[in-house]
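Q: Handing over upload_39.cif, mmCIF, N, CA and C atoms.
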```cif
data_upload
loop_
_atom_site.label_atom_id
_atom_site.label_comp_id
_atom_site.auth_asym_id
_atom_site.auth_seq_id
_atom_site.Cartn_x
_atom_site.Cartn_y
_atom_site.Cartn_z
N MET Y 144 263.69 240.80 76.31
CA MET Y 144 265.05 240.69 75.82
C MET Y 144 265.40 241.90 74.96
N VAL Y 145 264.50 242.31 74.07
CA VAL Y 145 264.77 243.43 73.17
C VAL Y 145 265.13 244.68 73.95
N GLN Y 146 264.45 244.91 75.06
CA GLN Y 146 264.70 246.11 75.86
C GLN Y 146 265.93 245.97 76.74
N GLN Y 147 266.29 244.76 77.14
CA GLN Y 147 267.44 244.55 77.99
C GLN Y 147 268.75 244.70 77.23
N VAL Y 148 268.78 244.35 75.96
CA VAL Y 148 270.05 244.32 75.23
C VAL Y 148 270.60 245.71 74.93
N PRO Y 149 270.02 246.73 74.47
CA PRO Y 149 268.82 246.90 73.65
C PRO Y 149 269.13 246.65 72.17
N LEU Y 150 268.12 246.24 71.45
CA LEU Y 150 268.26 245.97 70.02
C LEU Y 150 267.58 247.06 69.20
N ASP Y 151 268.11 247.31 68.01
CA ASP Y 151 267.50 248.27 67.09
C ASP Y 151 266.52 247.57 66.14
N LEU Y 152 266.83 246.34 65.78
CA LEU Y 152 266.03 245.52 64.87
C LEU Y 152 266.03 244.09 65.36
N VAL Y 153 265.01 243.34 64.99
CA VAL Y 153 264.95 241.91 65.26
C VAL Y 153 264.65 241.21 63.94
N GLN Y 154 265.36 240.12 63.67
CA GLN Y 154 265.08 239.31 62.48
C GLN Y 154 264.47 238.00 62.93
N LEU Y 155 263.28 237.71 62.44
CA LEU Y 155 262.61 236.44 62.70
C LEU Y 155 262.86 235.55 61.50
N HIS Y 156 263.56 234.44 61.72
CA HIS Y 156 264.01 233.61 60.63
C HIS Y 156 263.41 232.22 60.66
N GLY Y 157 262.49 231.98 61.57
CA GLY Y 157 261.93 230.64 61.70
C GLY Y 157 260.57 230.50 61.05
N THR Y 158 259.81 229.57 61.54
CA THR Y 158 258.48 229.31 60.99
C THR Y 158 257.39 229.95 61.83
N GLU Y 159 257.79 230.88 62.71
CA GLU Y 159 256.80 231.56 63.54
C GLU Y 159 255.85 232.36 62.67
N PRO Y 160 254.62 232.55 63.15
CA PRO Y 160 253.67 233.35 62.36
C PRO Y 160 254.12 234.81 62.28
N ALA Y 161 253.81 235.45 61.16
CA ALA Y 161 254.18 236.85 60.97
C ALA Y 161 253.60 237.73 62.08
N ALA Y 162 252.43 237.35 62.61
CA ALA Y 162 251.78 238.16 63.64
C ALA Y 162 252.61 238.26 64.92
N LEU Y 163 253.56 237.36 65.15
CA LEU Y 163 254.42 237.45 66.32
C LEU Y 163 255.17 238.78 66.36
N ALA Y 164 255.45 239.32 65.20
CA ALA Y 164 256.19 240.59 65.11
C ALA Y 164 255.46 241.73 65.80
N GLN Y 165 254.14 241.65 65.92
CA GLN Y 165 253.37 242.71 66.59
C GLN Y 165 253.74 242.83 68.06
N GLN Y 166 254.30 241.78 68.64
CA GLN Y 166 254.66 241.78 70.05
C GLN Y 166 256.07 242.30 70.31
N ILE Y 167 256.78 242.65 69.26
CA ILE Y 167 258.17 243.07 69.38
C ILE Y 167 258.23 244.59 69.23
N PRO Y 168 258.82 245.30 70.19
CA PRO Y 168 258.74 246.76 70.22
C PRO Y 168 259.74 247.51 69.32
N VAL Y 169 260.44 246.80 68.44
CA VAL Y 169 261.35 247.44 67.49
C VAL Y 169 261.01 246.92 66.10
N PRO Y 170 261.50 247.57 65.04
CA PRO Y 170 261.22 247.07 63.69
C PRO Y 170 261.69 245.62 63.52
N VAL Y 171 260.90 244.86 62.75
CA VAL Y 171 261.15 243.44 62.56
C VAL Y 171 261.40 243.13 61.08
N ILE Y 172 262.48 242.41 60.82
CA ILE Y 172 262.73 241.81 59.51
C ILE Y 172 262.18 240.39 59.60
N LYS Y 173 261.17 240.11 58.81
CA LYS Y 173 260.57 238.77 58.81
C LYS Y 173 261.03 238.03 57.57
N VAL Y 174 261.65 236.88 57.78
CA VAL Y 174 262.14 236.05 56.68
C VAL Y 174 261.00 235.14 56.22
N PHE Y 175 260.82 235.11 54.91
CA PHE Y 175 259.87 234.20 54.28
C PHE Y 175 260.68 233.25 53.41
N HIS Y 176 260.47 231.96 53.61
CA HIS Y 176 261.24 230.93 52.90
C HIS Y 176 260.53 230.56 51.60
N VAL Y 177 261.26 230.69 50.50
CA VAL Y 177 260.69 230.59 49.16
C VAL Y 177 260.99 229.24 48.53
N ASP Y 178 259.94 228.62 48.00
CA ASP Y 178 260.08 227.44 47.16
C ASP Y 178 259.12 227.60 45.99
N GLY Y 179 258.96 226.59 45.18
CA GLY Y 179 258.11 226.68 44.01
C GLY Y 179 256.64 226.96 44.32
N ALA Y 180 256.19 226.63 45.52
CA ALA Y 180 254.80 226.83 45.91
C ALA Y 180 254.58 228.17 46.60
N PHE Y 181 255.63 228.97 46.75
CA PHE Y 181 255.53 230.24 47.46
C PHE Y 181 254.58 231.19 46.74
N SER Y 182 253.75 231.88 47.51
CA SER Y 182 252.74 232.78 46.93
C SER Y 182 253.05 234.24 47.25
N VAL Y 183 252.91 235.07 46.24
CA VAL Y 183 253.00 236.52 46.45
C VAL Y 183 251.63 237.15 46.23
N ASP Y 184 250.58 236.35 46.40
CA ASP Y 184 249.22 236.85 46.26
C ASP Y 184 248.88 237.77 47.42
N ALA Y 185 247.88 238.59 47.22
CA ALA Y 185 247.50 239.62 48.18
C ALA Y 185 247.12 239.06 49.55
N ASP Y 186 246.66 237.81 49.62
CA ASP Y 186 246.26 237.24 50.91
C ASP Y 186 247.42 236.56 51.64
N SER Y 187 248.61 236.64 51.10
CA SER Y 187 249.80 236.04 51.71
C SER Y 187 250.20 236.78 52.98
N GLU Y 188 250.91 236.07 53.88
CA GLU Y 188 251.45 236.69 55.09
C GLU Y 188 252.39 237.85 54.77
N LEU Y 189 252.93 237.87 53.57
CA LEU Y 189 253.82 238.95 53.15
C LEU Y 189 253.16 240.31 53.32
N PHE Y 190 251.87 240.36 53.11
CA PHE Y 190 251.17 241.63 53.08
C PHE Y 190 250.54 242.01 54.41
N GLN Y 191 250.88 241.28 55.46
CA GLN Y 191 250.46 241.67 56.81
C GLN Y 191 251.48 242.68 57.33
N THR Y 192 251.53 243.83 56.67
CA THR Y 192 252.59 244.79 56.94
C THR Y 192 252.52 245.39 58.33
N SER Y 193 251.39 245.28 58.99
CA SER Y 193 251.34 245.75 60.37
C SER Y 193 252.12 244.81 61.28
N CYS Y 194 252.52 243.66 60.75
CA CYS Y 194 253.21 242.66 61.53
C CYS Y 194 254.73 242.75 61.43
N HIS Y 195 255.25 243.31 60.36
CA HIS Y 195 256.70 243.37 60.19
C HIS Y 195 257.05 244.62 59.39
N SER Y 196 258.29 245.06 59.54
CA SER Y 196 258.74 246.27 58.86
C SER Y 196 259.40 245.97 57.53
N VAL Y 197 260.12 244.84 57.47
CA VAL Y 197 260.89 244.50 56.28
C VAL Y 197 260.70 243.02 55.96
N ILE Y 198 260.57 242.71 54.68
CA ILE Y 198 260.47 241.33 54.19
C ILE Y 198 261.85 240.90 53.70
N LEU Y 199 262.25 239.69 54.07
CA LEU Y 199 263.48 239.10 53.52
C LEU Y 199 263.10 237.75 52.92
N LEU Y 200 263.40 237.56 51.65
CA LEU Y 200 263.14 236.29 50.98
C LEU Y 200 264.40 235.44 51.00
N ASP Y 201 264.27 234.19 51.41
CA ASP Y 201 265.39 233.25 51.47
C ASP Y 201 264.89 231.89 50.97
N THR Y 202 265.79 230.99 50.69
CA THR Y 202 265.46 229.69 50.12
C THR Y 202 264.86 228.76 51.16
N LYS Y 203 263.82 228.04 50.75
CA LYS Y 203 263.19 227.03 51.62
C LYS Y 203 263.72 225.65 51.23
N PHE Y 204 264.00 224.85 52.26
CA PHE Y 204 264.44 223.47 52.05
C PHE Y 204 263.40 222.52 52.61
N ALA Y 205 262.87 221.68 51.77
CA ALA Y 205 261.87 220.71 52.20
C ALA Y 205 262.50 219.66 53.09
N GLY Y 206 261.73 219.23 54.09
CA GLY Y 206 262.14 218.12 54.92
C GLY Y 206 263.19 218.42 55.96
N THR Y 207 263.45 219.69 56.25
CA THR Y 207 264.43 220.04 57.27
C THR Y 207 263.99 221.28 58.01
N ALA Y 208 264.36 221.37 59.28
CA ALA Y 208 264.04 222.55 60.06
C ALA Y 208 265.00 223.70 59.73
N GLN Y 209 266.20 223.37 59.29
CA GLN Y 209 267.18 224.42 58.96
C GLN Y 209 266.79 225.06 57.64
N GLN Y 210 266.67 226.36 57.66
CA GLN Y 210 266.35 227.11 56.46
C GLN Y 210 267.46 228.13 56.24
N GLY Y 211 267.85 228.32 55.00
CA GLY Y 211 268.90 229.28 54.68
C GLY Y 211 270.28 228.77 55.07
N GLY Y 212 271.31 229.53 54.70
CA GLY Y 212 272.67 229.21 55.07
C GLY Y 212 273.30 228.06 54.32
N ARG Y 213 272.70 227.65 53.21
CA ARG Y 213 273.22 226.50 52.47
C ARG Y 213 273.78 226.88 51.10
N GLY Y 214 273.72 228.15 50.77
CA GLY Y 214 274.26 228.58 49.49
C GLY Y 214 273.44 228.17 48.28
N VAL Y 215 272.13 227.99 48.47
CA VAL Y 215 271.25 227.58 47.38
C VAL Y 215 270.28 228.71 47.08
N SER Y 216 270.13 229.03 45.81
CA SER Y 216 269.23 230.11 45.38
C SER Y 216 267.82 229.59 45.17
N PHE Y 217 266.86 230.50 45.25
CA PHE Y 217 265.49 230.20 44.85
C PHE Y 217 265.24 230.85 43.49
N ASP Y 218 264.09 230.64 42.92
CA ASP Y 218 263.72 231.20 41.62
C ASP Y 218 263.50 232.70 41.78
N TRP Y 219 264.42 233.50 41.26
CA TRP Y 219 264.38 234.95 41.45
C TRP Y 219 263.20 235.61 40.76
N THR Y 220 262.55 234.91 39.82
CA THR Y 220 261.37 235.51 39.19
C THR Y 220 260.21 235.61 40.20
N ILE Y 221 260.24 234.79 41.24
CA ILE Y 221 259.24 234.90 42.31
C ILE Y 221 259.43 236.23 43.02
N ALA Y 222 260.68 236.59 43.30
CA ALA Y 222 260.97 237.87 43.92
C ALA Y 222 260.52 239.02 43.01
N ARG Y 223 260.75 238.85 41.73
CA ARG Y 223 260.38 239.90 40.76
C ARG Y 223 258.88 240.18 40.80
N ARG Y 224 258.08 239.13 40.98
CA ARG Y 224 256.62 239.33 41.07
C ARG Y 224 256.28 240.21 42.27
N LEU Y 225 257.01 240.06 43.35
CA LEU Y 225 256.80 240.91 44.52
C LEU Y 225 257.24 242.35 44.21
N ALA Y 226 258.39 242.50 43.58
CA ALA Y 226 258.88 243.83 43.21
C ALA Y 226 257.90 244.52 42.26
N ASP Y 227 257.34 243.77 41.34
CA ASP Y 227 256.39 244.34 40.38
C ASP Y 227 255.12 244.86 41.06
N GLN Y 228 254.87 244.39 42.28
CA GLN Y 228 253.73 244.88 43.06
C GLN Y 228 254.10 246.10 43.91
N GLY Y 229 255.36 246.54 43.79
CA GLY Y 229 255.80 247.73 44.51
C GLY Y 229 256.17 247.48 45.96
N VAL Y 230 256.42 246.23 46.31
CA VAL Y 230 256.74 245.88 47.69
C VAL Y 230 258.26 245.83 47.86
N PRO Y 231 258.83 246.66 48.74
CA PRO Y 231 260.28 246.59 48.98
C PRO Y 231 260.62 245.36 49.81
N PHE Y 232 261.74 244.73 49.49
CA PHE Y 232 262.15 243.53 50.22
C PHE Y 232 263.65 243.34 50.07
N LEU Y 233 264.18 242.51 50.95
CA LEU Y 233 265.57 242.07 50.87
C LEU Y 233 265.57 240.66 50.28
N MET Y 234 266.67 240.30 49.63
CA MET Y 234 266.77 238.99 49.02
C MET Y 234 268.04 238.30 49.50
N ALA Y 235 267.92 237.03 49.84
CA ALA Y 235 269.05 236.22 50.28
C ALA Y 235 268.92 234.86 49.58
N GLY Y 236 269.78 233.95 49.95
CA GLY Y 236 269.67 232.59 49.41
C GLY Y 236 270.60 232.34 48.25
N GLY Y 237 271.76 231.82 48.54
CA GLY Y 237 272.68 231.42 47.48
C GLY Y 237 273.35 232.55 46.74
N LEU Y 238 273.32 233.74 47.28
CA LEU Y 238 273.95 234.88 46.61
C LEU Y 238 275.46 234.82 46.80
N THR Y 239 276.17 235.10 45.71
CA THR Y 239 277.63 235.09 45.69
C THR Y 239 278.11 236.28 44.88
N PRO Y 240 279.41 236.56 44.91
CA PRO Y 240 279.93 237.62 44.04
C PRO Y 240 279.64 237.33 42.56
N ASP Y 241 279.57 236.06 42.19
CA ASP Y 241 279.37 235.69 40.80
C ASP Y 241 277.93 235.84 40.31
N ASN Y 242 276.94 235.77 41.20
CA ASN Y 242 275.56 235.81 40.73
C ASN Y 242 274.73 236.98 41.24
N VAL Y 243 275.29 237.82 42.11
CA VAL Y 243 274.48 238.86 42.74
C VAL Y 243 273.98 239.89 41.73
N GLN Y 244 274.76 240.20 40.70
CA GLN Y 244 274.27 241.16 39.70
C GLN Y 244 273.04 240.62 38.99
N GLU Y 245 273.08 239.36 38.59
CA GLU Y 245 271.92 238.75 37.92
C GLU Y 245 270.74 238.68 38.87
N ALA Y 246 270.99 238.31 40.14
CA ALA Y 246 269.91 238.23 41.12
C ALA Y 246 269.20 239.57 41.27
N ILE Y 247 269.97 240.64 41.33
CA ILE Y 247 269.39 241.98 41.46
C ILE Y 247 268.64 242.36 40.18
N SER Y 248 269.21 242.04 39.04
CA SER Y 248 268.59 242.35 37.76
C SER Y 248 267.25 241.63 37.60
N VAL Y 249 267.19 240.37 37.99
CA VAL Y 249 265.97 239.59 37.85
C VAL Y 249 264.98 239.91 38.97
N GLY Y 250 265.44 239.87 40.23
CA GLY Y 250 264.54 239.98 41.37
C GLY Y 250 264.13 241.39 41.74
N LYS Y 251 264.96 242.38 41.43
CA LYS Y 251 264.70 243.79 41.76
C LYS Y 251 264.46 244.04 43.26
N PRO Y 252 265.32 243.47 44.13
CA PRO Y 252 265.14 243.70 45.56
C PRO Y 252 265.56 245.11 45.96
N TRP Y 253 265.12 245.53 47.14
CA TRP Y 253 265.55 246.79 47.74
C TRP Y 253 266.97 246.65 48.26
N GLY Y 254 267.32 245.42 48.68
CA GLY Y 254 268.65 245.14 49.19
C GLY Y 254 268.92 243.64 49.17
N VAL Y 255 270.15 243.26 49.43
CA VAL Y 255 270.54 241.85 49.45
C VAL Y 255 271.21 241.50 50.77
N ASP Y 256 271.18 240.22 51.09
CA ASP Y 256 271.75 239.69 52.33
C ASP Y 256 272.62 238.50 51.93
N VAL Y 257 273.84 238.47 52.44
CA VAL Y 257 274.75 237.39 52.10
C VAL Y 257 275.45 236.90 53.35
N SER Y 258 275.79 235.63 53.37
CA SER Y 258 276.62 235.08 54.44
C SER Y 258 277.54 234.03 53.85
N SER Y 259 277.03 232.81 53.63
CA SER Y 259 277.91 231.74 53.15
C SER Y 259 278.47 232.02 51.76
N GLY Y 260 277.84 232.88 51.00
CA GLY Y 260 278.31 233.20 49.65
C GLY Y 260 279.60 233.99 49.60
N VAL Y 261 280.03 234.49 50.76
CA VAL Y 261 281.31 235.21 50.82
C VAL Y 261 282.28 234.53 51.78
N GLU Y 262 282.14 233.21 51.90
CA GLU Y 262 283.02 232.44 52.77
C GLU Y 262 283.93 231.53 51.96
N THR Y 263 285.08 231.27 52.52
CA THR Y 263 286.01 230.25 52.04
C THR Y 263 286.36 229.40 53.25
N ASP Y 264 286.16 228.10 53.15
CA ASP Y 264 286.43 227.19 54.27
C ASP Y 264 285.71 227.63 55.54
N LYS Y 265 284.44 228.03 55.38
CA LYS Y 265 283.55 228.42 56.48
C LYS Y 265 284.01 229.66 57.25
N ALA Y 266 284.85 230.48 56.63
CA ALA Y 266 285.29 231.74 57.22
C ALA Y 266 285.04 232.85 56.21
N LYS Y 267 284.66 234.03 56.70
CA LYS Y 267 284.45 235.16 55.81
C LYS Y 267 285.74 235.47 55.07
N ASP Y 268 285.61 235.68 53.76
CA ASP Y 268 286.74 235.92 52.88
C ASP Y 268 286.71 237.38 52.44
N PRO Y 269 287.67 238.20 52.90
CA PRO Y 269 287.64 239.63 52.56
C PRO Y 269 287.60 239.91 51.06
N ALA Y 270 288.29 239.12 50.26
CA ALA Y 270 288.27 239.33 48.81
C ALA Y 270 286.88 239.05 48.23
N LYS Y 271 286.22 238.00 48.72
CA LYS Y 271 284.86 237.71 48.25
C LYS Y 271 283.88 238.78 48.71
N ILE Y 272 284.06 239.27 49.92
CA ILE Y 272 283.19 240.34 50.42
C ILE Y 272 283.33 241.57 49.54
N GLN Y 273 284.56 241.94 49.22
CA GLN Y 273 284.79 243.11 48.38
C GLN Y 273 284.22 242.91 46.98
N ALA Y 274 284.40 241.73 46.42
CA ALA Y 274 283.86 241.43 45.09
C ALA Y 274 282.33 241.49 45.11
N PHE Y 275 281.73 240.99 46.19
CA PHE Y 275 280.28 241.03 46.33
C PHE Y 275 279.80 242.48 46.35
N ILE Y 276 280.42 243.29 47.18
CA ILE Y 276 280.04 244.71 47.27
C ILE Y 276 280.21 245.40 45.93
N ASP Y 277 281.33 245.15 45.27
CA ASP Y 277 281.58 245.77 43.96
C ASP Y 277 280.49 245.38 42.96
N ASN Y 278 280.11 244.11 42.96
CA ASN Y 278 279.10 243.65 41.99
C ASN Y 278 277.71 244.15 42.34
N VAL Y 279 277.41 244.33 43.62
CA VAL Y 279 276.13 244.94 44.01
C VAL Y 279 276.09 246.37 43.49
N ARG Y 280 277.17 247.10 43.65
CA ARG Y 280 277.20 248.50 43.17
C ARG Y 280 277.08 248.58 41.66
N ARG Y 281 277.56 247.58 40.94
CA ARG Y 281 277.47 247.57 39.47
C ARG Y 281 276.06 247.21 38.98
N ALA Y 282 275.30 246.57 39.84
CA ALA Y 282 273.98 246.08 39.41
C ALA Y 282 272.99 247.21 39.16
#
```
For this file, write the structure as structure tokens.
A:
Amino acid sequence: MVQQVPLDLVQLHGTEPAALAQQIPVPVIKVFHVDGAFSVDADSELFQTSCHSVILLDTKFAGTAQQGGRGVSFDWTIARRLADQGVPFLMAGGLTPDNVQEAISVGKPWGVDVSSGVETDKAKDPAKIQAFIDNVRRA
């Protein structure tokens, strides 16, 4: 599929093992779902860097297959522990124009990812998008 489309990047957002990324011939953004039990220890899948090009941290929801897209944040100090180890990553999960500056200040991500946080009535809101961008630049 990657070669037929062709794609520049692939984002793996499910519960597939990080090693699956080795089979994909373009750079891979691998999403890791964060909850209170999430580990940033050296033996974590996060550090299987031969498996993925970019790490994206998003919120984990217990008891459901759907992860992310609910506008709920995770504990940004978990992200900060990863940043303190010198690992670049993207951060998502409940980010909005109102909280993105604090999220960046606490978590120290390389970049941020937003979707529902810039929506009004389930549609992208240009004013919220602009406010989000402005606040990212201020961070």
Q: Can you tell me, as a list in words, what residues are no more than 5 Å from stretch 214-231 of chain Y when counting only N, CA and C atoms, ignoring any on the same chain fewer than 4 positions away?
A: Gly236, Gly237, Val249 and Gly250 of chain Y
Q: Write the residues you've just listed into a file as a PDB file, in the coordinates of the input, and include N, CA and C atoms for each of them.
A:
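Output file result11.pdb follows:
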```pdb
ATOM      1  N   GLY Y 236     269.780 233.950  49.950  1.00  0.00           N
ATOM      2  CA  GLY Y 236     269.670 232.590  49.410  1.00  0.00           C
ATOM      3  C   GLY Y 236     270.600 232.340  48.250  1.00  0.00           C
ATOM      4  N   GLY Y 237     271.760 231.820  48.540  1.00  0.00           N
ATOM      5  CA  GLY Y 237     272.680 231.420  47.480  1.00  0.00           C
ATOM      6  C   GLY Y 237     273.350 232.550  46.740  1.00  0.00           C
ATOM      7  N   VAL Y 249     267.190 240.370  37.990  1.00  0.00           N
ATOM      8  CA  VAL Y 249     265.970 239.590  37.850  1.00  0.00           C
ATOM      9  C   VAL Y 249     264.980 239.910  38.970  1.00  0.00           C
ATOM     10  N   GLY Y 250     265.440 239.870  40.230  1.00  0.00           N
ATOM     11  CA  GLY Y 250     264.540 239.980  41.370  1.00  0.00           C
ATOM     12  C   GLY Y 250     264.130 241.390  41.740  1.00  0.00           C
TER      13      GLY Y 250
END
```
Q: Pick out the closest residue to Y:Val171 from this set: Y:Ser259, Y:Asn242, Y:Gln154, Y:Ser248. Count only N, CA and C atoms.
A: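 Counting only N, CA and C atoms, the residue closest to Y:Val171 is Y:Gln154.
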Q: Give me, as a list of chain:residue names, all polymer residues having an atom no more than 8 Å from Y:Met234, counting all atoms listed in the file and skipping those fewer than 2 positions away in the same chain.
A: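 Contacts, in chain order: Y:Ile198, Y:Leu199, Y:Leu200, Y:Asp201, Y:Thr202, Y:Ala222, Y:Pro231, Y:Phe232, Y:Gly236, Y:Gly237, Y:Leu238, Y:Lys251, Y:Pro252, Y:Trp253, Y:Gly254, Y:Val255, Y:Asp256, Y:Val257.
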Q: I'd like the residues picked by the PyMOL selection byres (((chain Y and resi 152 and name CA) around 9) and name CA) written out as a ChimeraX atom specification, using the chain letters and numbers from the file.
A: /Y:145,150-151,153-154,169-172
Q: When DSSP works through the backbone of this structure, what residues of chain Y end up as strand (DSSP E), shown as number ranges by chain?
A: Y: 153-155, 171-177, 197-202, 232-234, 254-255, 262-263, 266-267
Q: What does the distance from atom CA of Y:Val148 to atom CA of Y:Ala164 come to in Å, to one decimal?
A: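 If I compute the distance from atom CA of Y:Val148 to atom CA of Y:Ala164, I get 17.6 Å.
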Q: Could you spell out the hits of the PyMOL selection byres ((chain Y and resi 157) around 8) on the shown file, as a ChimeraX atom specification?
A: /Y:154-156,158-160,173-176,208,210
Q: Give me, please, the distance in Å between atom CA of Y:Val243 and atom C of Y:Lys271, quoted to one decimal.
A: 11.1 Å
Q: Expressed in Å to a single decimal, how great is the separation between atom CA of Y:Gly179 and atom CA of Y:Ala161?
A: 20.2 Å
Q: Go through Y:Thr239, Y:Ser187, Y:Leu163, Y:Ala246 and flag the residue nearest Y:Ile276, using all atoms listed in the file for the distances.
A: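 Among the listed residues, Y:Thr239 lies closest to Y:Ile276.
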Q: Between Y:Gly260, Y:Val197, Y:Ile247, Y:Pro240, which has the minimum distance to Y:Ala274 (counting only N, CA and C atoms)?
A: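 Checking each candidate against Y:Ala274, we get Y:Pro240 as the closest.
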Q: Could you extract stretch 218-234 of chain Y of the given structure into a file holding N, CA and C atoms, as a CSV table (one decimal), in the first residue's frame?
A:
```csv
chain,number,residue,atom,x,y,z
Y,218,ASP,N,-0.8,12.9,31.9
Y,218,ASP,CA,0.1,13.6,32.8
Y,218,ASP,C,1.4,14.1,32.0
Y,219,TRP,N,1.5,15.4,31.8
Y,219,TRP,CA,2.6,15.9,30.9
Y,219,TRP,C,4.0,15.7,31.6
Y,220,THR,N,4.0,15.4,32.9
Y,220,THR,CA,5.3,15.2,33.5
Y,220,THR,C,5.9,13.9,33.0
Y,221,ILE,N,5.1,13.0,32.6
Y,221,ILE,CA,5.6,11.7,32.0
Y,221,ILE,C,6.3,12.0,30.7
Y,222,ALA,N,5.8,12.9,29.9
Y,222,ALA,CA,6.5,13.4,28.7
Y,222,ALA,C,7.8,14.0,29.0
Y,223,ARG,N,7.8,14.8,30.1
Y,223,ARG,CA,9.0,15.6,30.5
Y,223,ARG,C,10.1,14.6,30.8
Y,224,ARG,N,9.8,13.5,31.4
Y,224,ARG,CA,10.8,12.5,31.7
Y,224,ARG,C,11.5,12.0,30.5
Y,225,LEU,N,10.7,11.8,29.4
Y,225,LEU,CA,11.3,11.4,28.1
Y,225,LEU,C,12.1,12.5,27.5
Y,226,ALA,N,11.7,13.7,27.6
Y,226,ALA,CA,12.4,14.9,27.1
Y,226,ALA,C,13.8,15.0,27.9
Y,227,ASP,N,13.7,14.8,29.2
Y,227,ASP,CA,14.9,14.9,30.0
Y,227,ASP,C,16.0,13.8,29.6
Y,228,GLN,N,15.5,12.8,28.9
Y,228,GLN,CA,16.5,11.7,28.5
Y,228,GLN,C,17.0,12.1,27.1
Y,229,GLY,N,16.6,13.2,26.5
Y,229,GLY,CA,17.1,13.7,25.2
Y,229,GLY,C,16.4,13.0,24.0
Y,230,VAL,N,15.2,12.5,24.3
Y,230,VAL,CA,14.5,11.8,23.2
Y,230,VAL,C,13.5,12.8,22.6
Y,231,PRO,N,13.6,13.1,21.3
Y,231,PRO,CA,12.6,13.9,20.6
Y,231,PRO,C,11.3,13.2,20.4
Y,232,PHE,N,10.2,13.9,20.6
Y,232,PHE,CA,8.9,13.2,20.5
Y,232,PHE,C,7.8,14.3,20.2
Y,233,LEU,N,6.7,13.8,19.7
Y,233,LEU,CA,5.5,14.7,19.5
Y,233,LEU,C,4.5,14.4,20.6
Y,234,MET,N,3.7,15.3,21.0
Y,234,MET,CA,2.8,15.2,22.0
Y,234,MET,C,1.4,15.5,21.6
```
